[in-house]
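**Q** Let me give you the structure first, and then I'll get to my questions.
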Amino acid sequence: MATSYRHLPSVPVRSGIGCSFSIATSLTARGKGVGGVDTEPDLTGCCIPDSPSWQGFSTFPCFQGAIGASSHRSHPLLARVFIFTVSLWKMGENQTLVTEFLLLGFPLSPRTQMLLFVLFSLFYAFTLLGNGVILGLIWLDFRLHTPMYFFLSHLAIVDMSYACNTVPQMLVNLLSPATPVSFAGCMTQTFFFLTFASTECLLLVAMSYDRYVAICHPLRYSVLVNWRVCTTLAVTSWTLGALLALVHTVLLLPLPFCGPQKVNHFFCEILAVLKLACADTHMNEIMVLAGAASVLVGPVSSIVISYIQILRAILKIQSGEGRRKAFSTCSSHLCVVGLFYGTAIIMYVGPPHGDPTEQKKYLLLFHSLFNPMLNPLIYSLRNRDVKAALKRVLEKERTS
(Lines give C-alpha, C1' and ligand atoms only; values in the text may rest on other atoms or scores of the structure.)
Protein backbone atom coordinates (compact mmCIF):
# COMPACT_ATOMS: atom_id res chain seq x y z
CA MET A 1 0.00 0.00 0.00
CA ALA A 2 1.57 3.28 -1.14
CA THR A 3 2.01 6.21 1.16
CA SER A 4 -0.57 9.00 0.68
CA TYR A 5 0.21 12.68 1.07
CA ARG A 6 -1.92 15.82 1.15
CA HIS A 7 -1.80 18.17 -1.83
CA LEU A 8 -2.37 21.78 -0.78
CA PRO A 9 -3.31 24.52 -3.24
CA SER A 10 -1.21 27.66 -3.39
CA VAL A 11 -2.42 30.61 -1.31
CA PRO A 12 -1.61 34.27 -1.94
CA VAL A 13 1.22 35.62 0.18
CA ARG A 14 1.69 39.29 0.94
CA SER A 15 5.17 40.67 0.60
CA GLY A 16 6.72 43.34 2.81
CA ILE A 17 5.58 46.13 0.47
CA GLY A 18 1.95 45.12 0.17
CA CYS A 19 1.86 43.26 -3.18
CA SER A 20 0.46 39.70 -3.24
CA PHE A 21 1.80 36.72 -5.12
CA SER A 22 1.75 32.91 -4.92
CA ILE A 23 4.51 30.58 -3.95
CA ALA A 24 4.66 27.09 -5.39
CA THR A 25 7.27 24.88 -3.87
CA SER A 26 7.92 21.34 -4.91
CA LEU A 27 9.18 18.81 -2.41
CA THR A 28 9.89 15.22 -3.31
CA ALA A 29 10.19 12.66 -0.55
CA ARG A 30 11.00 9.12 -1.56
CA GLY A 31 9.44 6.35 0.51
CA LYS A 32 8.90 2.61 0.31
CA GLY A 33 5.46 1.16 -0.17
CA VAL A 34 4.29 -2.41 0.14
CA GLY A 35 6.46 -4.63 -1.96
CA GLY A 36 9.32 -2.19 -2.07
CA VAL A 37 7.71 0.04 -4.72
CA ASP A 38 9.12 3.58 -4.65
CA THR A 39 6.63 6.35 -4.20
CA GLU A 40 7.19 10.07 -4.71
CA PRO A 41 4.76 12.20 -2.77
CA ASP A 42 4.14 15.65 -4.24
CA LEU A 43 3.79 18.68 -1.99
CA THR A 44 3.70 21.13 -4.89
CA GLY A 45 1.60 24.16 -4.06
CA CYS A 46 2.59 24.17 -0.43
CA CYS A 47 2.79 27.79 0.55
CA ILE A 48 2.78 30.32 3.36
CA PRO A 49 -0.61 31.90 4.02
CA ASP A 50 -1.18 35.61 4.28
CA SER A 51 -1.23 35.66 8.07
CA PRO A 52 -1.06 39.00 9.90
CA SER A 53 0.64 37.35 12.85
CA TRP A 54 3.11 34.50 12.46
CA GLN A 55 2.56 32.24 15.46
CA GLY A 56 4.57 29.16 14.48
CA PHE A 57 5.15 26.61 11.77
CA SER A 58 2.18 24.45 12.62
CA THR A 59 -0.35 27.28 12.19
CA PHE A 60 0.15 27.38 8.41
CA PRO A 61 -1.96 24.88 6.42
CA CYS A 62 0.94 23.87 4.20
CA PHE A 63 3.09 23.27 7.26
CA GLN A 64 0.40 21.05 8.71
CA GLY A 65 0.44 19.00 5.53
CA ALA A 66 4.22 18.80 5.53
CA ILE A 67 4.28 17.78 9.17
CA GLY A 68 1.73 15.10 8.41
CA ALA A 69 3.90 13.82 5.60
CA SER A 70 7.03 13.88 7.71
CA SER A 71 5.42 11.69 10.33
CA HIS A 72 5.92 8.72 8.00
CA ARG A 73 8.93 6.64 8.98
CA SER A 74 10.62 7.03 5.57
CA HIS A 75 11.85 10.65 5.70
CA PRO A 76 10.92 12.22 9.04
CA LEU A 77 13.28 15.24 8.64
CA LEU A 78 12.88 16.24 5.00
CA ALA A 79 9.58 18.06 5.34
CA ARG A 80 10.74 19.75 8.52
CA VAL A 81 13.81 21.08 6.73
CA PHE A 82 11.48 22.47 4.10
CA ILE A 83 9.33 24.11 6.76
CA PHE A 84 12.30 25.76 8.42
CA THR A 85 13.82 26.95 5.13
CA VAL A 86 10.64 28.50 3.76
CA SER A 87 9.77 30.17 7.06
CA LEU A 88 13.21 31.77 7.22
CA TRP A 89 12.74 32.97 3.66
CA LYS A 90 9.36 34.44 4.61
CA MET A 91 10.82 36.31 7.57
CA GLY A 92 13.76 37.55 5.53
CA GLU A 93 11.42 38.67 2.74
CA ASN A 94 9.45 40.84 5.17
CA GLN A 95 12.61 42.31 6.67
CA THR A 96 14.35 43.21 3.44
CA LEU A 97 11.35 44.56 1.53
CA VAL A 98 10.40 47.13 4.16
CA THR A 99 12.67 49.99 3.21
CA GLU A 100 10.70 53.06 4.30
CA PHE A 101 7.83 54.38 6.41
CA LEU A 102 5.40 57.19 5.79
CA LEU A 103 4.65 59.52 8.71
CA LEU A 104 1.03 60.67 8.67
CA GLY A 105 1.69 63.62 10.98
CA PHE A 106 -1.28 65.94 11.48
CA PRO A 107 -4.32 65.52 9.19
CA LEU A 108 -4.84 69.23 8.48
CA SER A 109 -5.48 71.42 5.46
CA PRO A 110 -2.45 72.60 3.42
CA ARG A 111 -2.95 76.18 4.59
CA THR A 112 -2.97 75.13 8.25
CA GLN A 113 0.10 72.96 7.70
CA MET A 114 1.96 75.92 6.23
CA LEU A 115 1.01 78.05 9.25
CA LEU A 116 2.22 75.32 11.60
CA PHE A 117 5.44 75.05 9.62
CA VAL A 118 6.20 78.73 10.25
CA LEU A 119 5.25 78.55 13.96
CA PHE A 120 7.14 75.32 14.64
CA SER A 121 10.20 76.66 12.80
CA LEU A 122 10.23 79.68 15.11
CA PHE A 123 9.77 77.50 18.18
CA TYR A 124 12.58 75.25 17.00
CA ALA A 125 14.89 78.22 16.54
CA PHE A 126 13.99 79.56 20.00
CA THR A 127 14.66 76.13 21.51
CA LEU A 128 18.15 75.94 20.03
CA LEU A 129 18.88 79.58 20.85
CA GLY A 130 17.64 79.43 24.45
CA ASN A 131 19.43 76.22 25.36
CA GLY A 132 22.52 77.39 23.50
CA VAL A 133 22.55 80.59 25.59
CA ILE A 134 22.28 78.54 28.79
CA LEU A 135 25.21 76.37 27.71
CA GLY A 136 27.25 79.42 26.72
CA LEU A 137 26.64 81.21 30.02
CA ILE A 138 27.61 78.14 32.04
CA TRP A 139 30.74 77.72 29.96
CA LEU A 140 31.83 81.40 30.08
CA ASP A 141 30.94 82.41 33.65
CA PHE A 142 33.10 80.67 36.26
CA ARG A 143 30.50 81.54 38.95
CA LEU A 144 28.20 79.01 37.33
CA HIS A 145 30.78 76.22 37.52
CA THR A 146 28.83 74.47 40.27
CA PRO A 147 27.14 71.05 40.44
CA MET A 148 23.68 72.57 39.96
CA TYR A 149 24.62 74.22 36.66
CA PHE A 150 26.66 71.22 35.62
CA PHE A 151 23.44 69.18 35.61
CA LEU A 152 21.59 72.09 33.98
CA SER A 153 24.09 72.06 31.11
CA HIS A 154 23.37 68.36 30.53
CA LEU A 155 19.64 69.09 30.64
CA ALA A 156 20.12 71.77 27.98
CA ILE A 157 22.01 69.28 25.79
CA VAL A 158 19.17 66.76 26.15
CA ASP A 159 16.56 69.40 25.28
CA MET A 160 18.45 70.45 22.15
CA SER A 161 18.87 66.80 21.16
CA TYR A 162 15.15 66.17 21.75
CA ALA A 163 14.22 68.92 19.34
CA CYS A 164 16.85 68.02 16.73
CA ASN A 165 15.69 64.39 16.72
CA THR A 166 11.99 64.98 15.99
CA VAL A 167 11.29 68.54 14.79
CA PRO A 168 13.22 68.64 11.46
CA GLN A 169 11.39 65.57 10.12
CA MET A 170 8.08 67.02 11.31
CA LEU A 171 8.80 70.27 9.44
CA VAL A 172 9.61 68.30 6.29
CA ASN A 173 6.30 66.43 6.58
CA LEU A 174 4.37 69.69 6.98
CA LEU A 175 5.83 70.93 3.70
CA SER A 176 5.68 67.59 1.88
CA PRO A 177 3.41 65.05 3.63
CA ALA A 178 4.30 62.28 1.18
CA THR A 179 8.02 62.32 2.04
CA PRO A 180 8.97 58.84 3.32
CA VAL A 181 11.43 57.94 6.07
CA SER A 182 13.87 55.10 5.53
CA PHE A 183 13.62 52.02 7.73
CA ALA A 184 17.08 52.67 9.20
CA GLY A 185 16.24 56.34 9.77
CA CYS A 186 13.01 55.43 11.54
CA MET A 187 14.73 52.95 13.85
CA THR A 188 17.48 55.48 14.58
CA GLN A 189 14.94 58.17 15.45
CA THR A 190 13.13 55.78 17.79
CA PHE A 191 16.37 54.84 19.52
CA PHE A 192 17.48 58.43 20.11
CA PHE A 193 14.06 59.59 21.27
CA LEU A 194 13.94 56.83 23.89
CA THR A 195 17.53 57.62 24.89
CA PHE A 196 16.88 61.32 25.45
CA ALA A 197 13.58 60.69 27.25
CA SER A 198 15.11 58.21 29.70
CA THR A 199 18.21 60.37 30.19
CA GLU A 200 16.14 63.45 31.04
CA CYS A 201 14.16 61.49 33.63
CA LEU A 202 17.37 60.39 35.35
CA LEU A 203 18.98 63.84 35.11
CA LEU A 204 15.98 65.37 36.87
CA VAL A 205 16.51 62.87 39.68
CA ALA A 206 20.19 63.85 39.93
CA MET A 207 19.20 67.52 40.07
CA SER A 208 16.70 66.81 42.86
CA TYR A 209 19.45 65.03 44.80
CA ASP A 210 21.67 68.09 44.37
CA ARG A 211 18.93 70.39 45.73
CA TYR A 212 18.20 67.99 48.59
CA VAL A 213 21.81 67.98 49.78
CA ALA A 214 22.18 71.75 49.30
CA ILE A 215 19.17 72.55 51.52
CA CYS A 216 19.02 69.64 53.97
CA HIS A 217 22.80 69.08 54.42
CA PRO A 218 24.48 72.37 53.45
CA LEU A 219 27.59 71.79 55.58
CA ARG A 220 28.29 68.46 53.85
CA TYR A 221 27.42 69.69 50.35
CA SER A 222 31.01 69.86 49.07
CA VAL A 223 31.60 66.27 50.21
CA LEU A 224 28.32 64.65 49.14
CA VAL A 225 28.10 66.46 45.80
CA ASN A 226 31.69 66.75 44.61
CA TRP A 227 32.75 66.71 40.97
CA ARG A 228 33.38 63.00 41.00
CA VAL A 229 29.83 62.32 42.18
CA CYS A 230 28.41 64.77 39.61
CA THR A 231 30.33 63.16 36.76
CA THR A 232 29.26 59.68 37.88
CA LEU A 233 25.60 60.70 38.06
CA ALA A 234 25.70 62.34 34.63
CA VAL A 235 27.49 59.43 32.94
CA THR A 236 25.14 56.95 34.62
CA SER A 237 22.10 58.88 33.39
CA TRP A 238 23.30 58.89 29.78
CA THR A 239 24.43 55.25 29.91
CA LEU A 240 21.22 53.88 31.42
CA GLY A 241 19.15 55.96 29.00
CA ALA A 242 21.05 54.53 26.03
CA LEU A 243 20.87 50.96 27.36
CA LEU A 244 17.10 51.14 27.95
CA ALA A 245 16.61 52.50 24.43
CA LEU A 246 18.89 49.81 23.02
CA VAL A 247 16.79 47.05 24.59
CA HIS A 248 13.62 48.37 22.91
CA THR A 249 15.40 48.84 19.58
CA VAL A 250 16.90 45.34 19.60
CA LEU A 251 13.45 43.88 20.24
CA LEU A 252 11.94 46.06 17.50
CA LEU A 253 14.41 45.37 14.69
CA PRO A 254 13.67 41.64 14.11
CA LEU A 255 9.92 42.18 13.76
CA PRO A 256 8.50 41.59 10.27
CA PHE A 257 6.54 44.45 8.71
CA CYS A 258 4.18 43.22 6.01
CA GLY A 259 1.34 45.74 6.11
CA PRO A 260 1.04 49.36 5.00
CA GLN A 261 3.99 51.33 6.35
CA LYS A 262 1.96 54.38 7.47
CA VAL A 263 2.98 55.53 10.96
CA ASN A 264 0.15 57.46 12.59
CA HIS A 265 2.47 59.98 14.22
CA PHE A 266 4.74 62.92 13.42
CA PHE A 267 7.84 60.85 14.23
CA CYS A 268 8.71 57.17 14.62
CA GLU A 269 7.20 56.70 18.07
CA ILE A 270 7.75 53.12 19.21
CA LEU A 271 4.11 52.21 19.96
CA ALA A 272 2.97 53.65 16.61
CA VAL A 273 5.64 51.60 14.81
CA LEU A 274 4.73 48.42 16.71
CA LYS A 275 1.18 48.65 15.36
CA LEU A 276 2.54 48.02 11.86
CA ALA A 277 4.30 44.77 12.73
CA CYS A 278 2.69 41.60 11.38
CA ALA A 279 3.95 39.52 14.31
CA ASP A 280 3.11 39.13 17.94
CA THR A 281 4.27 42.33 19.69
CA HIS A 282 3.06 41.37 23.16
CA MET A 283 6.60 41.08 24.52
CA ASN A 284 7.56 44.43 23.01
CA GLU A 285 4.56 46.14 24.59
CA ILE A 286 5.36 44.60 27.97
CA MET A 287 8.95 45.85 27.73
CA VAL A 288 7.77 49.35 26.74
CA LEU A 289 5.45 49.41 29.74
CA ALA A 290 8.17 48.12 32.05
CA GLY A 291 10.65 50.66 30.69
CA ALA A 292 8.17 53.51 31.11
CA ALA A 293 7.50 52.42 34.68
CA SER A 294 11.22 52.23 35.47
CA VAL A 295 11.96 55.76 34.21
CA LEU A 296 8.72 57.38 35.39
CA VAL A 297 7.53 55.77 38.62
CA GLY A 298 10.97 55.33 40.16
CA PRO A 299 12.30 58.84 39.38
CA VAL A 300 9.01 60.53 40.35
CA SER A 301 9.03 58.71 43.68
CA SER A 302 12.63 59.78 44.33
CA ILE A 303 11.88 63.40 43.43
CA VAL A 304 8.77 63.47 45.63
CA ILE A 305 10.70 62.03 48.60
CA SER A 306 13.51 64.56 48.06
CA TYR A 307 11.14 67.52 48.00
CA ILE A 308 9.25 66.31 51.07
CA GLN A 309 12.55 66.44 52.93
CA ILE A 310 13.35 69.82 51.35
CA LEU A 311 9.97 71.22 52.41
CA ARG A 312 10.52 70.04 55.97
CA ALA A 313 13.93 71.68 56.06
CA ILE A 314 12.56 74.95 54.65
CA LEU A 315 9.77 75.07 57.23
CA LYS A 316 12.35 74.78 60.00
CA ILE A 317 14.07 77.98 58.84
CA GLN A 318 13.09 80.83 61.16
CA SER A 319 13.48 83.90 58.92
CA GLY A 320 11.17 84.55 56.00
CA GLU A 321 14.09 85.75 53.87
CA GLY A 322 15.90 82.48 54.47
CA ARG A 323 12.82 80.50 53.43
CA ARG A 324 12.42 82.50 50.23
CA LYS A 325 16.09 82.10 49.35
CA ALA A 326 15.98 78.34 50.00
CA PHE A 327 12.83 77.89 47.97
CA SER A 328 14.14 80.00 45.07
CA THR A 329 17.06 77.60 44.62
CA CYS A 330 14.71 74.74 43.72
CA SER A 331 11.66 76.53 42.24
CA SER A 332 13.05 76.38 38.69
CA HIS A 333 13.70 72.66 39.01
CA LEU A 334 10.17 72.14 40.33
CA CYS A 335 8.71 73.92 37.30
CA VAL A 336 10.74 71.80 34.88
CA VAL A 337 9.77 68.60 36.72
CA GLY A 338 6.10 69.63 36.65
CA LEU A 339 6.17 70.26 32.90
CA PHE A 340 8.06 67.08 32.05
CA TYR A 341 6.20 64.62 34.24
CA GLY A 342 2.87 66.43 34.00
CA THR A 343 2.58 65.78 30.26
CA ALA A 344 3.78 62.19 30.74
CA ILE A 345 1.20 61.51 33.45
CA ILE A 346 -1.61 63.05 31.41
CA MET A 347 -0.51 61.03 28.40
CA TYR A 348 -0.39 57.62 30.10
CA VAL A 349 -2.61 57.96 33.17
CA GLY A 350 -5.12 60.71 32.41
CA PRO A 351 -8.72 59.87 31.46
CA PRO A 352 -9.21 59.50 27.69
CA HIS A 353 -11.44 61.96 25.83
CA GLY A 354 -12.07 61.63 22.11
CA ASP A 355 -9.40 59.88 20.07
CA PRO A 356 -6.59 58.78 22.47
CA THR A 357 -4.13 58.35 19.59
CA GLU A 358 -4.55 61.95 18.48
CA GLN A 359 -4.36 63.19 22.07
CA LYS A 360 -1.07 61.41 22.70
CA LYS A 361 0.25 62.79 19.43
CA TYR A 362 -0.36 66.39 20.51
CA LEU A 363 0.94 65.75 24.02
CA LEU A 364 4.15 64.30 22.61
CA LEU A 365 4.41 67.39 20.41
CA PHE A 366 4.28 69.52 23.54
CA HIS A 367 6.74 67.16 25.22
CA SER A 368 9.34 67.22 22.43
CA LEU A 369 8.99 70.84 21.20
CA PHE A 370 7.51 73.14 23.83
CA ASN A 371 9.17 71.65 26.92
CA PRO A 372 12.71 72.11 25.52
CA MET A 373 11.79 75.68 24.54
CA LEU A 374 10.32 76.56 27.95
CA ASN A 375 13.09 75.07 30.10
CA PRO A 376 15.71 77.77 29.36
CA LEU A 377 13.07 80.47 29.85
CA ILE A 378 12.21 79.04 33.27
CA TYR A 379 15.83 78.93 34.37
CA SER A 380 16.61 82.40 33.00
CA LEU A 381 13.51 84.16 34.39
CA ARG A 382 13.36 82.48 37.80
CA ASN A 383 17.07 82.11 38.51
CA ARG A 384 19.05 85.11 39.77
CA ASP A 385 22.43 83.53 39.04
CA VAL A 386 21.61 82.99 35.37
CA LYS A 387 20.23 86.53 34.97
CA ALA A 388 23.29 87.98 36.69
CA ALA A 389 25.60 85.93 34.48
CA LEU A 390 23.78 87.13 31.37
CA LYS A 391 24.17 90.76 32.47
CA ARG A 392 27.88 90.29 33.11
CA VAL A 393 28.43 88.71 29.70
CA LEU A 394 26.49 91.49 27.95
CA GLU A 395 28.35 94.21 29.83
CA LYS A 396 31.66 92.57 29.00
CA GLU A 397 30.72 92.53 25.31
CA ARG A 398 29.82 96.23 25.40
CA THR A 399 33.05 97.31 27.03
CA SER A 400 35.24 95.18 24.78
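The chains in the C-alpha coordinates are called A, B, ... from first to last as shown; in each chain the residues are counted from 1, and the ligands are counted from 1 in the order shown.
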Leaving out range 289-298 of chain A and any residue of its chain fewer than 3 positions from it, which residues lie within 9 Å of it when counting only C-alpha atoms, given as a list in words?

**A**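 Once the adjacent positions are removed, what remains is Ala197, Ser198, Thr199, Cys201, Leu202, Gly241, Leu244, Ala245, His248, Asn284, Glu285, Ile286, Ser301, Ser302, Ile303, Tyr341, Ala344 and Ile345 of chain A.
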
**Q** Next, dump the selected residues to file, keeping only N, CA, C and O atoms, as an mmCIF file, in the first residue's frame.

**A**
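As a result, again_27.cif now contains:
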data_model
loop_
_atom_site.group_PDB
_atom_site.id
_atom_site.type_symbol
_atom_site.label_atom_id
_atom_site.label_comp_id
_atom_site.auth_asym_id
_atom_site.auth_seq_id
_atom_site.Cartn_x
_atom_site.Cartn_y
_atom_site.Cartn_z
ATOM 1 N N ALA A 197 14.663 60.680 26.267
ATOM 2 C CA ALA A 197 13.577 60.687 27.247
ATOM 3 C C ALA A 197 14.018 60.050 28.559
ATOM 4 O O ALA A 197 13.788 60.604 29.644
ATOM 5 N N SER A 198 14.656 58.895 28.484
ATOM 6 C CA SER A 198 15.115 58.213 29.701
ATOM 7 C C SER A 198 16.210 59.011 30.393
ATOM 8 O O SER A 198 16.227 59.115 31.629
ATOM 9 N N THR A 199 17.116 59.590 29.605
ATOM 10 C CA THR A 199 18.208 60.369 30.194
ATOM 11 C C THR A 199 17.679 61.587 30.933
ATOM 12 O O THR A 199 18.164 61.920 32.026
ATOM 13 N N CYS A 201 14.759 61.953 32.377
ATOM 14 C CA CYS A 201 14.161 61.488 33.634
ATOM 15 C C CYS A 201 15.220 61.302 34.715
ATOM 16 O O CYS A 201 15.050 61.742 35.861
ATOM 17 N N LEU A 202 16.325 60.670 34.359
ATOM 18 C CA LEU A 202 17.370 60.394 35.347
ATOM 19 C C LEU A 202 18.134 61.650 35.726
ATOM 20 O O LEU A 202 18.565 61.802 36.878
ATOM 21 N N GLY A 241 20.106 55.546 30.038
ATOM 22 C CA GLY A 241 19.155 55.962 29.003
ATOM 23 C C GLY A 241 19.422 55.273 27.681
ATOM 24 O O GLY A 241 18.497 54.794 27.012
ATOM 25 N N LEU A 244 18.549 51.394 28.003
ATOM 26 C CA LEU A 244 17.105 51.137 27.945
ATOM 27 C C LEU A 244 16.575 51.288 26.528
ATOM 28 O O LEU A 244 15.755 50.485 26.065
ATOM 29 N N ALA A 245 17.037 52.317 25.819
ATOM 30 C CA ALA A 245 16.607 52.497 24.429
ATOM 31 C C ALA A 245 17.122 51.366 23.546
ATOM 32 O O ALA A 245 16.422 50.927 22.613
ATOM 33 N N HIS A 248 14.839 48.246 23.721
ATOM 34 C CA HIS A 248 13.621 48.368 22.911
ATOM 35 C C HIS A 248 13.940 48.262 21.419
ATOM 36 O O HIS A 248 13.182 47.650 20.658
ATOM 37 N N ASN A 284 7.091 43.062 23.196
ATOM 38 C CA ASN A 284 7.556 44.435 23.011
ATOM 39 C C ASN A 284 6.738 45.423 23.834
ATOM 40 O O ASN A 284 7.282 46.343 24.453
ATOM 41 N N GLU A 285 5.420 45.228 23.841
ATOM 42 C CA GLU A 285 4.559 46.138 24.590
ATOM 43 C C GLU A 285 4.796 46.018 26.095
ATOM 44 O O GLU A 285 4.772 47.021 26.818
ATOM 45 N N ILE A 286 5.056 44.796 26.556
ATOM 46 C CA ILE A 286 5.362 44.604 27.973
ATOM 47 C C ILE A 286 6.667 45.316 28.328
ATOM 48 O O ILE A 286 6.771 45.987 29.371
ATOM 49 N N SER A 301 9.031 59.025 42.251
ATOM 50 C CA SER A 301 9.033 58.715 43.684
ATOM 51 C C SER A 301 10.250 59.311 44.384
ATOM 52 O O SER A 301 10.138 59.887 45.479
ATOM 53 N N SER A 302 11.413 59.215 43.735
ATOM 54 C CA SER A 302 12.632 59.779 44.325
ATOM 55 C C SER A 302 12.539 61.295 44.443
ATOM 56 O O SER A 302 12.943 61.877 45.465
ATOM 57 N N ILE A 303 12.002 61.935 43.407
ATOM 58 C CA ILE A 303 11.875 63.399 43.435
ATOM 59 C C ILE A 303 10.887 63.834 44.508
ATOM 60 O O ILE A 303 11.124 64.808 45.239
ATOM 61 N N TYR A 341 6.981 65.763 33.764
ATOM 62 C CA TYR A 341 6.199 64.616 34.243
ATOM 63 C C TYR A 341 4.701 64.875 34.139
ATOM 64 O O TYR A 341 3.918 63.916 34.070
ATOM 65 N N ALA A 344 3.665 63.658 30.783
ATOM 66 C CA ALA A 344 3.783 62.195 30.737
ATOM 67 C C ALA A 344 2.643 61.529 31.504
ATOM 68 O O ALA A 344 2.069 60.529 31.046
ATOM 69 N N ILE A 345 2.292 62.091 32.661
ATOM 70 C CA ILE A 345 1.204 61.510 33.454
ATOM 71 C C ILE A 345 -0.131 61.664 32.735
ATOM 72 O O ILE A 345 -0.954 60.737 32.688
#

**Q** Rank nothing, just name the residue among A:Lys387, A:Lys262, A:Arg312, A:Arg324 nearest to Cys186 in chain A, using only C-alpha atoms.

**A** A:Lys262

**Q** Excluding range 147-158 of chain A and any residue of its chain fewer than 6 positions from it, enumerate the residues within 7 Å of it, using only C-alpha atoms, and give them as a ChimeraX atom specification.

**A** /A:131,135,138,196,200,203,207,210,230

**Q** Which residue gives the smallest distance to Tyr209 in chain A among A:Trp238, A:Tyr307, A:Phe191, A:Phe120, with only C-alpha atoms counted?

**A**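 Of A:Trp238, A:Tyr307, A:Phe191, A:Phe120, the one nearest Tyr209 in chain A, counting only C-alpha atoms, is A:Tyr307.
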